[in-house]
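Enquirer: File follows, query-v9.txt with compact mmCIF, C-alpha atoms:
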```
# COMPACT_ATOMS: atom_id res chain seq x y z
CA ILE A 8 0.00 0.00 0.00
CA LEU A 9 1.34 3.44 -0.87
CA MET A 10 1.60 5.47 2.34
CA ASP A 11 -0.10 8.51 0.84
CA THR A 12 -3.22 6.44 0.12
CA ILE A 13 -3.69 5.70 3.83
CA ASN A 14 -6.06 8.16 5.48
CA LEU A 15 -4.41 8.51 8.90
CA LYS A 16 -7.33 10.40 10.47
CA GLU A 17 -9.72 7.70 9.31
CA ASN A 18 -7.51 4.88 10.62
CA ALA A 19 -7.01 6.65 13.96
CA LEU A 20 -10.79 6.98 14.34
CA LYS A 21 -11.33 3.34 13.37
CA GLY A 22 -8.82 2.28 16.03
CA LEU A 23 -10.47 4.45 18.68
CA HIS A 24 -13.94 3.18 17.73
CA ALA A 25 -12.82 -0.46 17.74
CA PHE A 26 -11.93 -0.07 21.42
CA ILE A 27 -14.43 2.35 22.85
CA ARG A 28 -17.49 2.18 20.62
CA ASP A 29 -17.52 -1.27 19.00
CA HIS A 30 -15.70 -3.06 21.87
CA ASP A 31 -14.12 -5.32 19.25
CA ALA A 32 -10.71 -6.77 20.12
CA GLU A 33 -10.16 -8.31 16.68
CA LYS A 34 -10.80 -4.98 14.96
CA ALA A 35 -8.59 -3.10 17.46
CA GLN A 36 -5.64 -5.33 16.52
CA LYS A 37 -5.88 -4.11 12.91
CA TYR A 38 -5.24 -0.52 13.98
CA PHE A 39 -2.87 -0.77 16.98
CA LYS A 40 0.65 -2.15 16.76
CA PRO A 41 1.20 -4.95 19.31
CA ASP A 42 4.14 -3.01 20.83
CA TYR A 43 2.52 0.43 20.64
CA ILE A 44 3.98 2.81 23.21
CA MET A 45 1.49 3.84 25.90
CA HIS A 46 2.12 7.11 27.77
CA ASN A 47 -1.03 7.18 29.92
CA PRO A 48 0.41 6.75 33.45
CA THR A 49 -2.49 4.54 34.61
CA ALA A 50 -2.29 2.05 31.72
CA PRO A 51 0.28 -0.76 31.43
CA GLN A 52 2.46 -1.01 28.33
CA GLY A 53 1.37 -3.30 25.50
CA LEU A 54 -1.71 -3.97 23.42
CA GLU A 55 -2.58 -7.16 25.34
CA HIS A 56 -3.20 -5.08 28.49
CA SER A 57 -5.37 -2.57 26.59
CA LEU A 58 -7.43 -5.38 25.05
CA LYS A 59 -8.27 -6.63 28.56
CA MET A 60 -10.22 -3.39 29.06
CA ILE A 61 -12.65 -4.17 26.21
CA PRO A 62 -15.04 -6.53 28.11
CA ILE A 63 -15.16 -3.99 30.97
CA LEU A 64 -15.99 -1.15 28.56
CA GLN A 65 -18.61 -3.32 26.88
CA GLU A 66 -20.24 -4.08 30.22
CA THR A 67 -20.53 -0.40 31.18
CA GLY A 68 -21.57 0.61 27.64
CA THR A 69 -18.69 3.06 27.33
CA THR A 70 -18.77 5.10 24.16
CA VAL A 71 -16.86 8.00 22.61
CA LYS A 72 -17.70 11.12 20.64
CA THR A 73 -15.07 12.96 18.59
CA HIS A 74 -15.60 16.72 18.50
CA ARG A 75 -12.42 17.67 16.61
CA ILE A 76 -9.74 15.74 14.72
CA PHE A 77 -6.46 17.07 13.34
CA GLN A 78 -3.33 15.80 11.65
CA ASP A 79 0.25 17.04 11.90
CA GLY A 80 2.47 14.79 9.74
CA ASN A 81 2.20 11.28 11.20
CA ILE A 82 0.46 12.58 14.35
CA VAL A 83 -3.33 12.50 14.63
CA PHE A 84 -4.83 14.34 17.61
CA MET A 85 -8.46 14.38 18.71
CA HIS A 86 -10.71 16.23 21.13
CA ASN A 87 -13.08 13.59 22.49
CA THR A 88 -15.66 12.95 25.17
CA LEU A 89 -16.19 9.56 26.83
CA HIS A 90 -19.65 8.59 28.06
CA ASN A 91 -20.64 5.83 30.54
CA ALA A 92 -16.96 6.00 31.31
CA ALA A 93 -16.79 4.80 34.94
CA PRO A 94 -13.87 2.42 34.13
CA PHE A 95 -11.82 5.55 33.27
CA GLY A 96 -12.72 7.31 36.51
CA ALA A 97 -15.93 9.33 35.88
CA GLU A 98 -19.28 8.96 34.12
CA GLU A 99 -18.35 11.58 31.51
CA LEU A 100 -14.85 12.69 30.59
CA VAL A 101 -13.26 15.12 28.18
CA ILE A 102 -10.04 13.81 26.65
CA PHE A 103 -7.33 14.76 24.20
CA ASP A 104 -6.04 11.63 22.43
CA VAL A 105 -2.82 11.84 20.43
CA TYR A 106 -1.71 8.98 18.16
CA ARG A 107 1.59 8.64 16.33
CA MET A 108 0.79 6.59 13.25
CA GLU A 109 3.14 4.13 11.54
CA ASP A 110 2.14 2.05 8.47
CA GLY A 111 -1.43 3.30 9.02
CA MET A 112 -1.50 1.91 12.59
CA VAL A 113 -1.22 3.49 16.05
CA ALA A 114 2.39 3.15 17.19
CA GLU A 115 2.28 5.55 20.16
CA HIS A 116 -0.46 7.12 22.31
CA TRP A 117 -0.49 10.15 24.60
CA ASP A 118 -3.57 11.54 26.32
CA ALA A 119 -4.95 13.74 29.06
CA LEU A 120 -8.43 13.44 30.52
CA MET A 121 -10.63 15.04 33.16
CA PRO A 122 -14.29 14.85 34.24
CA LEU A 123 -16.65 16.82 32.02
CA GLY A 124 -17.75 19.89 33.97
CA GLY A 125 -20.75 22.15 33.73
CA THR A 126 -21.20 25.26 31.61
CA SER A 127 -20.35 27.80 34.29
CA TYR A 128 -20.04 30.69 31.82
CA GLY A 129 -22.17 29.49 28.91
CA ASN A 130 -19.54 27.49 26.98
CA THR A 131 -19.01 23.75 27.36
CA GLN A 132 -15.56 22.13 27.38
CA VAL A 133 -16.05 20.90 23.80
CA ASP A 134 -18.38 23.24 21.91
CA GLY A 135 -17.20 25.99 19.57
CA VAL A 136 -15.52 26.07 16.17
CA THR A 137 -14.45 22.73 14.66
CA GLU A 138 -13.51 23.63 11.08
CA VAL A 139 -9.82 23.51 10.16
CA THR A 140 -8.76 26.45 7.95
CA ASP A 141 -5.51 28.34 7.15
CA HIS A 142 -3.43 25.24 6.40
CA ASP A 143 -0.63 27.49 5.19
CA MET A 144 -0.40 28.95 8.75
CA THR A 145 0.33 25.68 10.58
CA ALA A 146 4.05 26.30 11.13
CA ARG A 147 3.51 29.96 12.09
CA ASN A 148 0.73 29.15 14.58
CA LYS A 149 2.86 26.43 16.20
CA GLU A 150 5.71 28.93 16.50
CA LEU A 151 3.36 31.48 18.12
CA THR A 152 2.13 28.81 20.56
CA GLN A 153 5.68 27.96 21.60
CA ALA A 154 6.40 31.66 22.17
CA LEU A 155 3.17 32.40 24.05
CA ILE A 156 3.73 29.46 26.40
CA GLN A 157 7.23 30.68 27.19
CA LYS A 158 6.28 34.35 27.61
CA VAL A 159 2.76 34.17 29.06
CA PHE A 160 2.51 30.80 30.85
CA ILE A 161 6.09 30.25 32.03
CA GLU A 162 7.35 33.82 32.51
CA GLY A 163 3.93 35.32 33.35
CA ASP A 164 4.67 38.39 31.23
CA GLU A 165 1.40 40.37 31.09
CA GLU A 166 2.82 42.84 28.58
CA ALA A 167 3.26 39.99 26.08
CA VAL A 168 -0.42 38.97 26.21
CA PRO A 169 -1.72 41.36 23.47
CA LYS A 170 0.91 39.99 21.11
CA TYR A 171 -0.62 36.51 21.25
CA PHE A 172 -4.26 36.86 22.36
CA SER A 173 -7.03 38.69 20.51
CA GLN A 174 -8.42 41.71 22.33
CA LYS A 175 -11.53 41.64 20.10
CA GLN A 176 -12.62 38.03 20.63
CA TYR A 177 -11.50 35.44 23.14
CA VAL A 178 -13.75 32.41 23.73
CA GLN A 179 -12.84 30.43 26.84
CA HIS A 180 -13.94 26.80 27.32
CA ASN A 181 -12.33 26.23 30.71
CA PRO A 182 -15.45 26.17 32.95
CA LEU A 183 -13.71 28.20 35.69
CA PHE A 184 -13.19 31.32 33.59
CA PRO A 185 -15.44 33.59 31.50
CA ASP A 186 -14.85 34.70 27.91
CA GLY A 187 -12.96 37.85 27.05
CA TYR A 188 -9.45 39.25 26.89
CA ASP A 189 -9.77 41.19 30.18
CA ASN A 190 -10.92 38.06 31.96
CA PHE A 191 -7.89 36.21 30.60
CA LEU A 192 -5.66 38.89 32.17
CA GLN A 193 -7.55 38.52 35.47
CA ALA A 194 -7.08 34.75 35.33
CA MET A 195 -3.36 35.30 34.80
CA GLN A 196 -3.18 37.54 37.87
CA MET A 197 -5.10 34.91 39.84
CA MET A 198 -2.58 32.25 38.81
CA LYS A 199 0.22 34.51 40.05
CA GLN A 200 -1.43 34.46 43.49
CA MET A 201 -0.79 30.71 43.51
CA PRO A 202 2.98 30.82 43.91
CA ASP A 203 3.26 27.08 44.41
CA PHE A 204 1.95 26.40 40.86
CA GLN A 205 4.33 26.65 37.95
CA TYR A 206 3.95 25.84 34.24
CA VAL A 207 7.24 24.04 33.61
CA LYS A 208 7.44 23.10 29.95
CA ALA A 209 5.55 22.41 26.73
CA HIS A 210 6.83 18.96 25.76
CA HIS A 211 4.97 18.76 22.42
CA ILE A 212 3.29 21.21 20.09
CA TRP A 213 1.12 19.73 17.35
CA GLY A 214 -0.94 21.74 14.89
CA GLU A 215 -3.09 21.79 11.80
CA GLY A 216 -3.98 25.14 10.26
CA ASN A 217 -5.77 27.39 12.73
CA PHE A 218 -5.62 24.84 15.61
CA VAL A 219 -2.60 24.06 17.82
CA LEU A 220 -2.41 21.61 20.74
CA ALA A 221 0.31 22.00 23.38
CA ALA A 222 1.09 19.11 25.76
CA GLY A 223 2.59 20.75 28.82
CA GLU A 224 3.65 19.99 32.36
CA GLY A 225 2.87 21.90 35.53
CA ARG A 226 4.18 21.49 39.06
CA SER A 227 2.81 22.43 42.45
CA LYS A 228 3.34 21.28 46.03
CA GLU A 229 0.58 18.69 45.39
CA GLY A 230 2.69 17.16 42.59
CA GLY A 231 2.87 17.18 38.81
CA THR A 232 0.12 18.08 36.36
CA ILE A 233 -0.49 17.25 32.70
CA ILE A 234 -1.84 20.35 30.90
CA TYR A 235 -3.18 20.10 27.35
CA ASP A 236 -4.12 23.46 25.77
CA LEU A 237 -5.89 23.68 22.42
CA PHE A 238 -5.74 27.11 20.78
CA ARG A 239 -7.63 28.37 17.75
CA PHE A 240 -5.90 31.20 15.87
CA GLU A 241 -7.22 33.94 13.63
CA ASP A 242 -4.78 36.44 12.08
CA GLU A 243 -1.94 35.21 14.34
CA LYS A 244 -3.91 35.74 17.56
CA VAL A 245 -5.61 33.21 19.86
CA VAL A 246 -9.40 33.63 19.63
CA GLU A 247 -10.55 30.41 21.34
CA HIS A 248 -9.14 28.06 23.98
CA TRP A 249 -9.94 24.60 25.37
CA ASP A 250 -7.94 22.65 27.95
CA VAL A 251 -7.65 19.46 29.95
CA ILE A 252 -5.75 19.35 33.23
CA GLN A 253 -4.92 16.02 34.85
CA PRO A 254 -2.90 15.28 38.02
CA ILE A 255 0.13 13.02 37.50
CA PRO A 256 -0.22 9.97 39.78
CA GLU A 257 2.62 9.00 42.12
CA GLU A 258 2.55 5.38 40.94
CA LYS A 259 2.82 4.81 37.19
CA ALA A 260 1.72 1.69 35.36
CA ASN A 261 4.40 1.95 32.65
CA ASP A 262 7.95 3.29 32.28
CA ASN A 263 7.45 5.22 29.04
CA GLY A 264 7.17 8.68 30.61
CA ILE A 265 4.04 10.79 30.33
CA PHE A 266 5.39 13.04 27.60
```
Once you've parsed the file, please lay out its structure as structure tokens.
Expert:
Amino acid sequence: ILMDTINLKENALKGLHAFIRDHDAEKAQKYFKPDYIMHNPTAPQGLEHSLKMIPILQETGTTVKTHRIFQDGNIVFMHNTLHNAAPFGAEELVIFDVYRMEDGMVAEHWDALMPLGGTSYGNTQVDGVTEVTDHDMTARNKELTQALIQKVFIEGDEEAVPKYFSQKQYVQHNPLFPDGYDNFLQAMQMMKQMPDFQYVKAHHIWGEGNFVLAAGEGRSKEGGTIIYDLFRFEDEKVVEHWDVIQPIPEEKANDNGIF
């Protein structure tokens, strides 16, 4: 098979659905390499361990809905919700799934998940724009994301905010904060009042067109945190933001590292 004839987004979705929608072990083995590298700290390494989850997911009727799907080279990343998801820790969860594809199969998997919250300020954690545009801006928007994380999240430089965030439109999907540029500044000041929390590093930045996902790490006295931020850009400014924040457990089920 010629590699360019393989639709990686389609295969990634088929693999995800085999596990979490169809609960079909045979089908899952067509889309996941037996030695695929698992980075979720609660899941053991190896496909055989993942396949053991299928009867449990079938019993609870766990299912998945994909709200957004993107591709950056051989990486496919998705913004999903899990329903009837008690085996994963809550009835409903929001999750970013990231697959590195090889020969049309999943060779590596990163994710971050948290319980689906309410709509405190009118937006849900998954609604909003889904359409990928501005494919010619992928590299530039990834570059801007790297810079904004360094300047705004790591250094806490308020003067840098207007360089990266739109003052005209800023839609916020984190249920703790309202929309708007001024509210983003207030949230930044609030974070500064939490001196024990620190955004340490963005380990990965993946993008397609107007969307960029950053997989970052935070630290506080409670321990480490996985922070996935999805930004939507318009004219080189962030106009919409979604995130998932997950504590890093003390005990890890595999040695692959979270990032």
Enquirer: My list of candidates is A:Phe238, A:Tyr43, A:Tyr171, A:Trp213. Which is closest to Leu155 of chain A when distances are computed with all atoms listed in the file?
Expert: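 Comparing A:Phe238, A:Tyr43, A:Tyr171, A:Trp213 against Leu155 of chain A, the winner is A:Tyr171.
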Enquirer: Could you list, as a PDB file with C-alpha atoms, in the frame of the given file, every residue within 9 Å of segment 164-169 of chain A, counting all atoms listed in the file and ignoring same-chain residues fewer than 6 positions away?
Expert:
```pdb
ATOM      1  CA  LEU A 155       3.170  32.400  24.050  1.00  0.00           C
ATOM      2  CA  LYS A 158       6.280  34.350  27.610  1.00  0.00           C
ATOM      3  CA  TYR A 188      -9.450  39.250  26.890  1.00  0.00           C
ATOM      4  CA  LEU A 192      -5.660  38.890  32.170  1.00  0.00           C
ATOM      5  CA  MET A 195      -3.360  35.300  34.800  1.00  0.00           C
ATOM      6  CA  GLN A 196      -3.180  37.540  37.870  1.00  0.00           C
ATOM      7  CA  LYS A 244      -3.910  35.740  17.560  1.00  0.00           C
TER       8      LYS A 244
END
```
Enquirer: Name the closest residue to Gly53 of chain A among the candidates A:Ile234, A:Val246, A:Ala114, A:Met201; distances are taken between atoms, counting only C-alpha atoms.
Expert: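 Looking at the shortest contact to Gly53 of chain A, the residue is A:Ala114.
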Enquirer: Which residues are close to Gln253 of chain A, i.e. within 9 Å by only C-alpha atoms, leaving aside same-chain residues fewer than 5 positions away? Reply as an MDAnalysis selection string.
Expert: chainID A and resid 119:121 231:235
Enquirer: Around all the atoms of segment 148-157 of chain A listed in the file, draw an axis-aligned box and extend it by 4 Å on each of the six sides; I want its centre and edge lengths in Å to one decimal, as AutoDock Vina command-line options.
Expert:
```
--center_x 4.0 --center_y 29.4 --center_z 20.9 --size_x 14.5 --size_y 14.0 --size_z 20.6
```
Enquirer: Closest to Ile82 of chain A among A:Ile63, A:Ile102, A:Ile27, A:Leu220, using only C-alpha atoms?
Expert: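 The closest residue to Ile82 of chain A is A:Leu220.
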Enquirer: List as a PyMOL selection string the residues having at least one atom at most 10 Å from position (-21.9, 29.3, 35.2) as given in the file, counting only C-alpha atoms.
Expert: chain A and resi 125-130+182-185
Enquirer: Can you tell me, as an NGL selection string, what residues are no more than 10 Å from Glu241 of chain A when counting all atoms listed in the file, ignoring any on the same chain fewer than 6 positions away?
Expert: :A and (140-141 or 144 or 148 or 172-173 or 176 or 216-218 or 247)
Enquirer: Which is closer to Lys59 of chain A than all the others in A:His86, A:Lys72, A:His30, A:His211, using all atoms listed in the file?
Expert: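 Selected residue with least distance to Lys59 of chain A: A:His30.
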Enquirer: Mind listing as number ranges by chain all residues within 12 Å of (-1.2, 2.9, 25.0), counting all atoms listed in the file?
Expert: A: 22-23, 26, 39-58, 60, 104-107, 113-118, 260-265
Enquirer: Here is a test: counting only C-alpha atoms, which residue of A:Gln193, A:Asn181, A:Asn91, A:Gln157 is nearest to Val207 of chain A?
Expert: A:Gln157
Enquirer: Just give me the gap between atom CA of Asp186 of chain A and atom CA of His248 of chain A in Å, one decimal is fine.
Expert: 9.6 Å
Enquirer: Counting all atoms listed in the file, figure out which residue out of A:Pro122, A:Pro254, A:Gly80, A:Gly223 gets nearest to Phe95 of chain A.
Expert: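 The closest residue to Phe95 of chain A is A:Pro122.
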Enquirer: So what do you get for atom CA of Gln36 of chain A versus atom CA of Arg75 of chain A, distance-wise?
Expert: 24.0 Å
Enquirer: Have a look at atom CA of Arg147 of chain A and atom CA of Glu243 of chain A and let me know their distance in Å, one decimal.
Expert: 7.9 Å
